[in-house]
>>> print(open('run_8.txt').read())   # compact mmCIF, C-alpha atoms
# COMPACT_ATOMS: atom_id res chain seq x y z
CA MET A 1 104.05 -109.32 7.32
CA GLU A 2 101.77 -108.73 4.32
CA GLY A 3 101.03 -105.15 3.36
CA ASN A 4 101.20 -102.51 0.63
CA VAL A 5 104.05 -100.30 1.80
CA SER A 6 106.80 -102.81 0.98
CA SER A 7 105.45 -103.34 -2.56
CA GLY A 8 105.63 -99.68 -3.56
CA HIS A 9 101.92 -98.94 -3.21
CA ARG A 10 100.41 -96.38 -0.86
CA PRO A 11 100.55 -97.72 2.68
CA THR A 12 97.33 -98.97 4.23
CA ILE A 13 96.40 -97.75 7.71
CA MET A 14 93.53 -99.35 9.61
CA LEU A 15 91.88 -97.38 12.41
CA THR A 16 89.90 -98.59 15.39
CA ASN A 17 89.05 -97.15 18.80
CA ASP A 18 86.98 -97.77 21.93
CA ASP A 19 84.84 -94.59 21.88
CA GLY A 20 82.87 -95.83 18.88
CA ILE A 21 82.93 -95.21 15.15
CA ASP A 22 81.16 -91.84 15.49
CA ALA A 23 83.60 -90.51 18.10
CA PRO A 24 85.25 -87.17 17.25
CA GLY A 25 88.75 -88.48 17.96
CA LEU A 26 88.52 -91.22 15.35
CA ARG A 27 86.78 -88.95 12.84
CA ALA A 28 89.49 -86.28 13.26
CA LEU A 29 92.22 -88.87 12.70
CA VAL A 30 90.47 -90.16 9.57
CA HIS A 31 90.15 -86.60 8.24
CA VAL A 32 93.83 -85.78 8.78
CA LEU A 33 95.03 -89.04 7.20
CA VAL A 34 92.68 -88.75 4.21
CA SER A 35 93.60 -85.08 3.70
CA ALA A 36 97.28 -86.01 3.52
CA ASN A 37 96.48 -88.06 0.40
CA ARG A 38 99.30 -90.49 1.15
CA TYR A 39 97.51 -93.50 2.62
CA GLU A 40 94.73 -95.98 2.02
CA VAL A 41 92.52 -95.57 5.09
CA LEU A 42 90.40 -98.40 6.52
CA VAL A 43 88.18 -98.19 9.59
CA CYS A 44 86.95 -101.13 11.65
CA ALA A 45 85.57 -99.73 14.90
CA PRO A 46 82.88 -100.51 17.50
CA ASP A 47 79.36 -99.41 16.66
CA SER A 48 78.99 -97.88 20.13
CA GLU A 49 81.17 -96.79 23.02
CA LYS A 50 83.29 -99.59 24.46
CA SER A 51 85.48 -97.61 26.85
CA ALA A 52 87.33 -99.51 29.59
CA VAL A 53 86.48 -102.95 28.19
CA SER A 54 90.20 -103.78 28.24
CA HIS A 55 91.17 -106.72 25.99
CA SER A 56 87.83 -108.52 26.18
CA ILE A 57 86.73 -110.41 23.08
CA THR A 58 83.46 -111.77 21.73
CA TRP A 59 83.56 -115.53 21.91
CA ARG A 60 80.12 -117.16 22.13
CA HIS A 61 78.23 -115.45 19.31
CA PRO A 62 78.87 -113.73 15.96
CA VAL A 63 79.50 -110.01 15.67
CA SER A 64 77.46 -107.92 13.23
CA VAL A 65 79.17 -105.63 10.74
CA LYS A 66 77.66 -102.64 8.92
CA ARG A 67 79.19 -100.46 6.20
CA VAL A 68 79.46 -96.81 7.29
CA ALA A 69 79.96 -93.83 4.98
CA ILE A 70 83.12 -91.90 5.93
CA ASP A 71 84.62 -89.68 3.23
CA GLY A 72 87.89 -91.05 1.86
CA ALA A 73 87.84 -94.25 3.91
CA THR A 74 86.45 -97.76 3.71
CA ALA A 75 84.67 -98.09 7.04
CA PHE A 76 82.72 -100.68 8.98
CA ALA A 77 80.98 -100.53 12.36
CA VAL A 78 81.21 -103.72 14.41
CA SER A 79 79.10 -104.88 17.34
CA GLY A 80 82.17 -106.19 19.17
CA THR A 81 85.01 -104.82 21.28
CA PRO A 82 88.10 -102.92 20.10
CA ALA A 83 90.09 -106.16 20.17
CA ASP A 84 87.37 -107.82 18.07
CA CYS A 85 87.54 -104.98 15.56
CA THR A 86 91.29 -105.20 15.17
CA SER A 87 91.26 -108.99 14.94
CA LEU A 88 88.55 -108.90 12.28
CA GLY A 89 90.22 -106.04 10.41
CA VAL A 90 93.60 -107.77 10.05
CA SER A 91 92.15 -111.24 9.38
CA LYS A 92 91.49 -110.71 5.63
CA ALA A 93 87.92 -111.87 6.26
CA LEU A 94 86.64 -108.27 6.02
CA PHE A 95 89.33 -106.47 4.03
CA PRO A 96 91.22 -108.18 1.16
CA SER A 97 94.68 -107.72 2.70
CA MET A 98 96.34 -106.94 6.00
CA PRO A 99 97.07 -103.28 6.79
CA ASP A 100 100.61 -102.01 7.11
CA LEU A 101 99.81 -100.18 10.34
CA VAL A 102 96.97 -100.24 12.86
CA ILE A 103 96.15 -97.10 14.84
CA SER A 104 93.73 -97.23 17.77
CA GLY A 105 92.31 -93.86 18.78
CA ILE A 106 92.27 -90.98 19.19
CA ASN A 107 90.82 -91.67 22.63
CA MET A 108 88.99 -89.01 24.62
CA GLY A 109 91.09 -89.16 27.77
CA SER A 110 94.66 -90.19 28.49
CA ASN A 111 95.80 -93.79 28.90
CA CYS A 112 98.77 -93.84 31.24
CA GLY A 113 100.03 -96.01 34.08
CA TYR A 114 97.70 -98.73 35.32
CA HIS A 115 94.85 -97.28 33.21
CA ILE A 116 96.54 -99.02 30.26
CA VAL A 117 95.26 -102.30 31.69
CA TYR A 118 91.63 -101.09 31.54
CA SER A 119 91.93 -99.37 28.19
CA GLY A 120 90.05 -100.63 25.14
CA THR A 121 92.06 -98.17 23.05
CA VAL A 122 95.36 -99.76 24.02
CA ALA A 123 93.83 -103.22 23.56
CA GLY A 124 93.00 -102.33 19.97
CA ALA A 125 96.69 -101.76 19.30
CA ARG A 126 97.79 -104.72 21.41
CA GLU A 127 95.60 -107.08 19.39
CA ALA A 128 97.36 -105.95 16.21
CA PHE A 129 100.69 -106.59 17.92
CA PHE A 130 99.51 -110.11 18.78
CA ASN A 131 98.81 -110.61 15.07
CA GLY A 132 102.20 -109.38 13.94
CA VAL A 133 100.97 -106.01 12.61
CA PRO A 134 102.76 -102.80 13.70
CA SER A 135 100.45 -100.66 15.79
CA ILE A 136 100.07 -97.59 17.94
CA SER A 137 97.41 -96.42 20.37
CA ILE A 138 96.77 -92.68 20.62
CA SER A 139 95.00 -90.84 23.44
CA TYR A 140 94.35 -87.16 24.06
CA ASP A 141 94.23 -85.90 27.65
CA TRP A 142 90.75 -84.41 27.39
CA VAL A 143 89.77 -82.13 30.28
CA GLY A 144 86.22 -80.87 30.51
CA GLY A 145 86.01 -77.09 30.37
CA LYS A 146 89.46 -76.76 28.75
CA SER A 147 89.42 -79.08 25.75
CA ASN A 148 87.34 -78.76 22.59
CA ILE A 149 86.66 -80.96 19.58
CA SER A 150 89.23 -79.17 17.39
CA ASP A 151 91.98 -80.42 19.73
CA PHE A 152 91.55 -83.90 18.22
CA THR A 153 92.59 -82.54 14.83
CA LEU A 154 95.63 -80.88 16.39
CA ALA A 155 96.46 -84.15 18.13
CA ALA A 156 96.20 -86.09 14.87
CA GLU A 157 98.42 -83.60 13.07
CA ALA A 158 100.98 -83.77 15.88
CA CYS A 159 101.18 -87.55 15.41
CA LEU A 160 101.74 -87.47 11.63
CA PRO A 161 105.57 -87.35 11.88
CA ILE A 162 105.55 -90.48 14.05
CA ILE A 163 103.12 -92.25 11.73
CA ASN A 164 105.23 -91.41 8.67
CA ALA A 165 108.45 -92.43 10.41
CA ILE A 166 106.96 -95.79 11.39
CA LEU A 167 105.77 -96.43 7.83
CA ALA A 168 109.26 -95.61 6.53
CA GLU A 169 110.79 -98.14 8.91
CA ILE A 170 108.18 -100.73 7.89
CA LYS A 171 109.04 -100.14 4.23
CA ASN A 172 112.73 -100.66 5.01
CA GLN A 173 111.84 -103.74 7.09
CA THR A 174 113.67 -102.24 10.07
CA TYR A 175 110.71 -101.60 12.37
CA PRO A 176 110.86 -103.68 15.60
CA GLN A 177 108.21 -106.37 15.93
CA ARG A 178 108.57 -107.00 19.67
CA CYS A 179 106.54 -104.01 20.87
CA PHE A 180 103.84 -101.50 20.00
CA LEU A 181 103.62 -97.82 20.91
CA ASN A 182 101.24 -96.04 23.26
CA ILE A 183 101.08 -92.29 22.63
CA ASP A 184 99.44 -89.69 24.86
CA LEU A 185 99.00 -86.03 23.95
CA PRO A 186 98.73 -83.24 26.56
CA THR A 187 95.63 -81.16 27.13
CA ASN A 188 97.28 -78.02 25.73
CA VAL A 189 98.28 -79.88 22.59
CA VAL A 190 98.85 -76.72 20.53
CA SER A 191 101.73 -75.80 22.88
CA HIS A 192 103.16 -79.29 23.45
CA LYS A 193 106.86 -79.60 24.32
CA GLY A 194 107.63 -82.27 21.74
CA TYR A 195 107.94 -86.03 21.82
CA LYS A 196 109.38 -87.76 24.87
CA LEU A 197 110.22 -91.44 25.18
CA THR A 198 108.64 -92.69 28.41
CA LYS A 199 107.75 -95.91 30.16
CA GLN A 200 104.50 -97.05 31.71
CA GLY A 201 104.19 -95.70 35.21
CA LYS A 202 102.00 -96.64 38.17
CA SER A 203 99.47 -93.82 38.10
CA ILE A 204 95.87 -94.84 38.70
CA GLY A 205 92.61 -93.13 39.44
CA LYS A 206 91.08 -94.45 42.62
CA MET A 207 87.56 -95.76 42.13
CA GLY A 208 84.85 -96.54 44.64
CA TRP A 209 81.23 -97.63 44.69
CA ARG A 210 78.07 -96.05 46.03
CA GLN A 211 74.56 -97.41 46.32
CA VAL A 212 72.05 -95.65 44.08
CA THR A 213 68.31 -95.87 43.50
CA SER A 214 68.38 -95.32 39.72
CA ASP A 215 70.74 -95.50 36.77
CA ALA A 216 70.82 -91.69 36.49
CA GLN A 217 71.72 -90.98 40.11
CA GLY A 218 75.27 -89.88 40.76
CA GLY A 219 76.09 -88.73 37.21
CA LYS A 220 77.63 -90.56 34.31
CA MET A 221 81.12 -92.03 34.23
CA LEU A 222 82.82 -90.70 31.12
CA SER A 223 85.45 -92.47 29.04
CA THR A 224 87.99 -90.11 30.63
CA MET A 225 87.30 -91.84 33.98
CA THR A 226 85.80 -88.62 35.33
CA MET A 227 82.24 -87.92 36.38
CA GLU A 228 79.78 -85.79 34.42
CA THR A 229 77.10 -84.64 36.84
CA ASN A 230 75.35 -82.06 34.65
CA LEU A 231 73.97 -84.35 31.98
CA ALA A 232 70.24 -84.42 31.45
CA CYS A 233 69.38 -87.97 32.41
CA THR A 234 66.04 -89.71 32.53
CA GLU A 235 65.39 -91.38 35.84
CA MET A 236 64.89 -95.11 35.66
CA ASP A 237 61.42 -96.18 36.68
CA ALA A 238 61.92 -97.69 40.11
CA SER A 239 59.23 -100.24 39.36
CA THR A 240 61.42 -101.73 36.60
CA VAL A 241 64.05 -102.71 39.15
CA SER A 242 63.15 -105.65 41.28
CA GLN A 243 63.21 -105.03 45.02
CA GLU A 244 65.52 -108.03 45.21
CA HIS A 245 68.18 -106.08 43.32
CA ILE A 246 70.39 -103.35 44.73
CA LEU A 247 72.09 -100.86 42.39
CA PHE A 248 75.70 -99.78 42.83
CA LYS A 249 77.56 -97.32 40.63
CA ARG A 250 81.27 -96.55 40.30
CA GLU A 251 82.51 -93.14 41.34
CA VAL A 252 85.85 -91.37 41.23
CA LYS A 253 87.58 -91.18 44.61
CA GLY A 254 90.67 -89.31 43.44
CA GLY A 255 94.06 -89.94 41.87
CA HIS A 256 97.07 -91.76 43.27
CA VAL A 257 100.34 -91.19 41.50
CA GLU A 258 103.70 -92.81 42.16
CA ASP A 259 105.70 -91.81 39.11
CA SER A 260 109.22 -90.68 38.27
CA ASP A 261 110.23 -88.17 35.61
CA ASP A 262 110.59 -90.76 32.85
CA THR A 263 107.08 -92.21 33.20
CA ASP A 264 104.11 -91.52 30.95
CA TYR A 265 101.72 -89.72 33.32
CA GLN A 266 104.30 -87.38 34.82
CA SER A 267 105.72 -86.39 31.44
CA LEU A 268 102.23 -85.91 29.99
CA GLN A 269 101.36 -83.49 32.81
CA GLU A 270 104.55 -81.57 31.99
CA GLY A 271 103.26 -80.99 28.47
CA TYR A 272 105.10 -83.63 26.46
CA ILE A 273 103.70 -85.99 23.84
CA THR A 274 104.62 -89.25 25.52
CA VAL A 275 105.71 -92.26 23.48
CA SER A 276 105.82 -95.51 25.48
CA PRO A 277 106.83 -98.85 23.93
CA LEU A 278 104.63 -101.64 25.31
CA GLY A 279 104.59 -105.43 25.05
CA GLY A 280 102.11 -108.17 25.66
CA LEU A 281 103.66 -109.74 28.76
CA SER A 282 102.98 -108.88 32.40
CA HIS A 283 106.23 -109.44 34.21
CA ALA A 284 106.42 -108.84 37.95
CA GLU A 285 109.11 -106.50 39.22
CA ILE A 286 112.55 -108.00 39.79
CA ASP A 287 112.36 -107.98 43.59
CA CYS A 288 109.14 -110.05 43.46
CA GLN A 289 110.79 -112.59 41.19
CA ALA A 290 113.74 -112.84 43.56
CA TYR A 291 111.49 -113.25 46.60
CA PHE A 292 109.47 -116.11 45.14
CA LYS A 293 112.59 -117.81 43.83
CA GLU A 294 113.64 -118.25 47.46
CA TRP A 295 110.12 -118.86 48.78
CA LEU A 296 108.71 -121.45 46.37
CA PRO A 297 111.11 -124.40 46.98
CA GLY A 298 110.17 -124.50 50.69
CA VAL A 299 106.40 -124.49 50.15
CA ALA A 300 106.06 -128.27 49.73
CA GLU A 301 108.16 -128.92 52.83
CA ARG A 302 106.18 -126.57 55.07
CA PRO A 303 103.52 -128.17 57.34
CA SER A 304 100.04 -127.03 56.35
CA SER A 305 99.28 -125.94 59.92
CA SER A 306 102.17 -123.42 59.89
CA ALA A 307 100.25 -121.12 57.55
CA LEU A 308 97.66 -120.39 60.24
>>> encode(input="run_8.txt", output="structure tokens")
Amino acid sequence: MEGNVSSGHRPTIMLTNDDGIDAPGLRALVHVLVSANRYEVLVCAPDSEKSAVSHSITWRHPVSVKRVAIDGATAFAVSGTPADCTSLGVSKALFPSMPDLVISGINMGSNCGYHIVYSGTVAGAREAFFNGVPSISISYDWVGGKSNISDFTLAAEACLPIINAILAEIKNQTYPQRCFLNIDLPTNVVSHKGYKLTKQGKSIGKMGWRQVTSDAQGGKMLSTMTMETNLACTEMDASTVSQEHILFKREVKGGHVEDSDDTDYQSLQEGYITVSPLGGLSHAEIDCQAYFKEWLPGVAERPSSSAL
């Protein structure tokens, strides 16, 4: 892997996210890293919110890139997805060299369990992993009415020991290349219980759909996968929507959690900073593999009518 840390120069960290380049989580992380005066800080982030776009990429048309002024960092806003931003940022087409570490975040809202599949934040780190660059995704468990913007700075500061430890391992060429890290910080981050190694659980927020008559009806779905119903929204002119079209909007139906003590969501709710190694593969559970190992050989021998 090409980078600065192994050559004795200050390590280069590239940041991206899915909340957009103006998001307070990313700006807080930039500020903490720049203030440490130990790193070269690059930013390659979406020009607008791209929450829950998962690992989608721009394929059929170019992305536009614009220089953005962020004190202490070299920053660009990109019209693409988080995965696009990471891919572009490590490609040496935008920056002259590859970063030593990619950090995606800090996301407004946790990314645990099955939500990892939806997450653009995690995808930003995963894309770096695909390109052989060490990476971490960082999310803060934002809760409306409890959290405030300053918590992002506390979250960034709480992650500095992990960031520095990773860079030390990269310098020594001992950092594992077969995974990346997903980190979640608890709502009460100032009183966190420390780091805890966890694994991805099966927690998921149940979503539903409801028919609406305008874009504003039913509130706005936030990046935290919660509903904000008190926003001042402008009603869409009904005449602009053809009578042939029917509008449906997602809504939160509630949470469904099936987690043990060593999983990310459960440990996060207990107040820990969860650290979960992730990979790029989607293996089924062992019992499913065993079932289909027995099932598949008999498929070709089975009469087609027996399936009905």
>>> closest_residue(input="run_8.txt", among="A:Met207, A:Ala156, A:Arg67, A:Ser91", to="A:Lys253", atoms="all atoms listed in the file")
A:Met207
>>> closest_atom_pairs(input="run_8.txt", of="stretch 81-133 of chain A", to="stretch 266-289 of chain A", cutoff="12 Å", atoms="all atoms listed in the file", output="Markdown table")
| residue | atom | partner | partner_atom | distance |
| --- | --- | --- | --- | --- |
| A:Gly109 | CA | A:Leu268 | CA | 11.8 |
| A:Ser110 | CA | A:Leu268 | CA | 8.8 |
| A:Asn111 | CA | A:Leu268 | CA | 10.2 |
| A:Cys112 | CA | A:Leu268 | CA | 8.7 |
| A:Gly113 | CA | A:Gln266 | CA | 9.7 |
| A:Tyr114 | CA | A:Ser282 | CA | 11.8 |
| A:Ile116 | CA | A:Leu278 | CA | 9.8 |
| A:Val117 | CA | A:Ser282 | CA | 10.2 |
| A:Val122 | CA | A:Leu278 | CA | 9.5 |
| A:Ala123 | CA | A:Gly280 | CA | 9.9 |
| A:Ala125 | CA | A:Leu278 | CA | 10.0 |
| A:Arg126 | CA | A:Gly280 | CA | 7.0 |
| A:Glu127 | CA | A:Gly280 | CA | 9.1 |
| A:Ala128 | CA | A:Gly280 | CA | 10.8 |
| A:Phe129 | CA | A:Gly280 | CA | 8.0 |
| A:Phe130 | CA | A:Gly280 | CA | 7.6 |
| A:Asn131 | CA | A:Gly280 | CA | 11.4 |
| A:Gly132 | CA | A:Gly280 | CA | 11.8 |
>>> atom_distance(input="run_8.txt", atom1="atom CA of A:Ile103", atom2="atom CA of A:Asp259")
26.6 Å
>>> atom_distance(input="run_8.txt", atom1="atom CA of A:Ile106", atom2="atom CA of A:Leu26")
5.4 Å
>>> closest_residue(input="run_8.txt", among="A:Asp151, A:Glu157, A:Glu169, A:Asp84", to="A:Thr187", atoms="only C-alpha atoms")
A:Asp151
>>> closest_residue(input="run_8.txt", among="A:Leu160, A:Leu42, A:Ala93, A:Val143", to="A:Ala69", atoms="only C-alpha atoms")
A:Leu42
>>> residues_around(input="run_8.txt", residues="A:Phe248", least_positions_apart="6", cutoff="8 Å", atoms="all atoms listed in the file", output="ChimeraX atom specification")
/A:209-212
>>> write_last_selection(input="run_8.txt", atoms="C-alpha atoms", output="compact mmCIF listing (two decimals), keeping the file's coordinate frame")
# COMPACT_ATOMS: atom_id res chain seq x y z
CA TRP A 209 81.23 -97.63 44.69
CA ARG A 210 78.07 -96.05 46.03
CA GLN A 211 74.56 -97.41 46.32
CA VAL A 212 72.05 -95.65 44.08
>>> closest_residue(input="run_8.txt", among="A:Ile162, A:Val43, A:Ala168, A:Ile149", to="A:Ile21", atoms="all atoms listed in the file")
A:Val43
>>> residues_near_point(input="run_8.txt", point="(98.4, -84.3, 25.0)", cutoff="6 Å", atoms="only C-alpha atoms", output="short mmCIF file (atom, residue, chain, number, x, y, z; two decimals) with C-alpha atoms, keeping the file's coordinate frame")
data_model
loop_
_atom_site.label_atom_id
_atom_site.label_comp_id
_atom_site.auth_asym_id
_atom_site.auth_seq_id
_atom_site.Cartn_x
_atom_site.Cartn_y
_atom_site.Cartn_z
CA TYR A 140 94.35 -87.16 24.06
CA ASP A 141 94.23 -85.90 27.65
CA ASP A 184 99.44 -89.69 24.86
CA LEU A 185 99.00 -86.03 23.95
CA PRO A 186 98.73 -83.24 26.56
CA THR A 187 95.63 -81.16 27.13
CA VAL A 189 98.28 -79.88 22.59
CA ILE A 273 103.70 -85.99 23.84
#
>>> atom_distance(input="run_8.txt", atom1="atom CA of A:Leu88", atom2="atom CA of A:Gln177")
20.2 Å
>>> residues_near_point(input="run_8.txt", point="(81.6, -97.3, 23.1)", cutoff="9 Å", atoms="all atoms listed in the file", output="compact mmCIF listing (two decimals) with C-alpha atoms, in the frame of the given file")
# COMPACT_ATOMS: atom_id res chain seq x y z
CA ASN A 17 89.05 -97.15 18.80
CA ASP A 18 86.98 -97.77 21.93
CA ASP A 19 84.84 -94.59 21.88
CA GLY A 20 82.87 -95.83 18.88
CA ILE A 21 82.93 -95.21 15.15
CA ALA A 23 83.60 -90.51 18.10
CA PRO A 46 82.88 -100.51 17.50
CA ASP A 47 79.36 -99.41 16.66
CA SER A 48 78.99 -97.88 20.13
CA GLU A 49 81.17 -96.79 23.02
CA LYS A 50 83.29 -99.59 24.46
CA SER A 51 85.48 -97.61 26.85
CA ALA A 52 87.33 -99.51 29.59
CA THR A 81 85.01 -104.82 21.28
CA SER A 223 85.45 -92.47 29.04
>>> closest_residue(input="run_8.txt", among="A:Pro134, A:Pro297, A:Pro176, A:Gly124", to="A:Thr86", atoms="only C-alpha atoms")
A:Gly124
>>> closest_residue(input="run_8.txt", among="A:Cys85, A:Met14, A:Cys44, A:Val32", to="A:Ile57", atoms="all atoms listed in the file")
A:Cys85
>>> build_atoms(input="run_8.txt", residues="stretch 38-54 of chain A", atoms="N, CA, C and O atoms", output="compact mmCIF listing (two decimals), keeping the file's coordinate frame")
# COMPACT_ATOMS: atom_id res chain seq x y z
N ARG A 38 98.11 -89.63 1.24
CA ARG A 38 99.30 -90.49 1.15
C ARG A 38 99.00 -91.93 1.54
O ARG A 38 99.87 -92.80 1.39
N TYR A 39 97.80 -92.19 2.05
CA TYR A 39 97.51 -93.50 2.62
C TYR A 39 96.17 -94.03 2.10
O TYR A 39 95.28 -93.26 1.74
N GLU A 40 96.03 -95.35 2.13
CA GLU A 40 94.73 -95.98 2.02
C GLU A 40 94.20 -96.13 3.45
O GLU A 40 94.89 -96.72 4.30
N VAL A 41 93.03 -95.61 3.72
CA VAL A 41 92.52 -95.57 5.09
C VAL A 41 91.34 -96.54 5.23
O VAL A 41 90.34 -96.43 4.52
N LEU A 42 91.46 -97.46 6.17
CA LEU A 42 90.40 -98.40 6.52
C LEU A 42 89.95 -98.11 7.94
O LEU A 42 90.76 -97.68 8.78
N VAL A 43 88.69 -98.35 8.23
CA VAL A 43 88.18 -98.19 9.59
C VAL A 43 87.39 -99.44 9.95
O VAL A 43 86.53 -99.88 9.19
N CYS A 44 87.71 -100.00 11.10
CA CYS A 44 86.95 -101.13 11.65
C CYS A 44 86.82 -100.86 13.14
O CYS A 44 87.73 -101.14 13.92
N ALA A 45 85.70 -100.27 13.54
CA ALA A 45 85.57 -99.73 14.90
C ALA A 45 84.23 -100.16 15.51
O ALA A 45 83.29 -100.49 14.79
N PRO A 46 84.14 -100.13 16.83
CA PRO A 46 82.88 -100.51 17.50
C PRO A 46 81.73 -99.61 17.09
O PRO A 46 81.91 -98.41 16.84
N ASP A 47 80.54 -100.19 17.04
CA ASP A 47 79.36 -99.41 16.66
C ASP A 47 78.82 -98.55 17.79
O ASP A 47 77.90 -97.75 17.59
N SER A 48 79.38 -98.70 18.98
CA SER A 48 78.99 -97.88 20.13
C SER A 48 80.17 -97.80 21.08
O SER A 48 81.19 -98.47 20.88
N GLU A 49 80.04 -96.98 22.10
CA GLU A 49 81.17 -96.79 23.02
C GLU A 49 81.51 -98.08 23.76
O GLU A 49 80.64 -98.76 24.30
N LYS A 50 82.80 -98.39 23.78
CA LYS A 50 83.29 -99.59 24.46
C LYS A 50 84.47 -99.23 25.37
O LYS A 50 85.43 -99.99 25.48
N SER A 51 84.39 -98.06 26.00
CA SER A 51 85.48 -97.61 26.85
C SER A 51 85.68 -98.55 28.04
O SER A 51 84.73 -99.09 28.60
N ALA A 52 86.94 -98.74 28.40
CA ALA A 52 87.33 -99.51 29.59
C ALA A 52 86.91 -100.97 29.52
O ALA A 52 86.73 -101.61 30.55
N VAL A 53 86.78 -101.52 28.30
CA VAL A 53 86.48 -102.95 28.19
C VAL A 53 87.75 -103.78 28.17
O VAL A 53 87.71 -105.01 28.06
N SER A 54 88.90 -103.12 28.23
CA SER A 54 90.20 -103.78 28.24
C SER A 54 90.35 -104.64 26.99
O SER A 54 89.94 -104.26 25.90
